[in-house]
Amino acid sequence: MKPNEGRLQTGEHILAKILENKIINCKVRIAKFFSDYGEVEFLTTYDLRKIPLEDLNFEINKIVKSNLNVNIQIFNKMEIKDFEK
């Protein structure tokens with residue numbers, strides 16, 4: 001795992017859940033993590049540029065500041081397929 005990968009993955013999960021709750025049929029297509037940044041691509045017919053960045057930042061920061069515990073779990077491909085059912 002890269003040094004910031006866990007933090008980036010947690011951020012991706014927070015952002016993905018917020019967008020999935022706001023937008024019908026919005027799903028993460030791919031997420032890539034590099035040493036100091038990450039990229040997330042979403043599948044949706046909605047124009048994500050219409051969502052004010054300030055609103056997203058507020059919602060993300062609200063979750064981060066709530067200081068929730070994060071549990072890291074690593075699954076193999078077969079276990080992940082069980083979640084998709």
# chains A, B, ... in the order shown; residues from 1 in each chain; ligands from 1
call {"tool": "residues_around", "arguments": {"residues": "Gln73 (chain A)", "least_positions_apart": "6", "cutoff": "12 Å", "atoms": "only C-alpha atoms", "output": "PyMOL selection string"}}
result
chain A and resi 6+9-10+79-80
call {"tool": "closest_residue", "arguments": {"among": "A:Leu56, A:Arg7, A:Glu41, A:Phe34", "to": "Leu19 (chain A)", "atoms": "only C-alpha atoms"}}
result
A:Leu56
call {"tool": "atom_distance", "arguments": {"atom1": "CA of Gly38 (chain A)", "atom2": "CA of Leu8 (chain A)"}}
result
6.3 Å
call {"tool": "closest_residue", "arguments": {"among": "A:Val40, A:Ile14, A:Ile23, A:Ile30", "to": "Val70 (chain A)", "atoms": "only C-alpha atoms"}}
result
A:Ile14
call {"tool": "atom_distance", "arguments": {"atom1": "CA of Phe75 (chain A)", "atom2": "CA of Ile60 (chain A)"}}
result
25.5 Å
call {"tool": "residues_around", "arguments": {"residues": "Glu39 (chain A)", "least_positions_apart": "5", "cutoff": "12 Å", "atoms": "only C-alpha atoms", "output": "tab-separated table (two decimals) with C-alpha atoms, in the first residue's frame"}}
result
chain	number	residue	atom	x	y	z
A	5	GLU	CA	-3.40	5.16	-0.14
A	8	LEU	CA	-7.17	8.47	-0.27
A	9	GLN	CA	-9.38	5.38	-0.29
A	11	GLY	CA	-11.79	9.98	1.04
A	12	GLU	CA	-12.99	8.20	-2.09
A	15	LEU	CA	-17.17	11.21	-1.68
A	16	ALA	CA	-18.74	8.21	-3.43
A	28	VAL	CA	-17.91	4.67	-8.96
A	29	ARG	CA	-16.47	3.34	-12.21
A	30	ILE	CA	-12.80	3.36	-11.32
A	31	ALA	CA	-10.57	4.74	-8.60
A	32	LYS	CA	-6.80	5.13	-8.96
A	33	PHE	CA	-4.38	6.12	-6.23
A	34	PHE	CA	-0.94	7.63	-6.67
call {"tool": "select_by_dssp", "arguments": {"residues": "chain A", "states": "strand (DSSP E)", "output": "JSON, numbers by chain"}}
result
{"A": [27, 28, 29, 30, 31, 32, 33, 38, 39, 40, 41, 42, 43]}
call {"tool": "residues_around", "arguments": {"residues": "Asn25 (chain A)", "least_positions_apart": "5", "cutoff": "8 Å", "atoms": "only C-alpha atoms", "output": "list in words"}}
result
Glu20, Leu43 and Thr44 of chain A
call {"tool": "closest_residue", "arguments": {"among": "A:Asp36, A:Tyr46, A:Ile63, A:Phe58", "to": "His13 (chain A)", "atoms": "only C-alpha atoms"}}
result
A:Ile63
call {"tool": "atom_distance", "arguments": {"atom1": "CA of Tyr37 (chain A)", "atom2": "CA of Arg49 (chain A)"}}
result
20.2 Å
call {"tool": "select_by_dssp", "arguments": {"residues": "chain A", "states": "helix (DSSP H, G or I)", "output": "count of residues only"}}
result
42
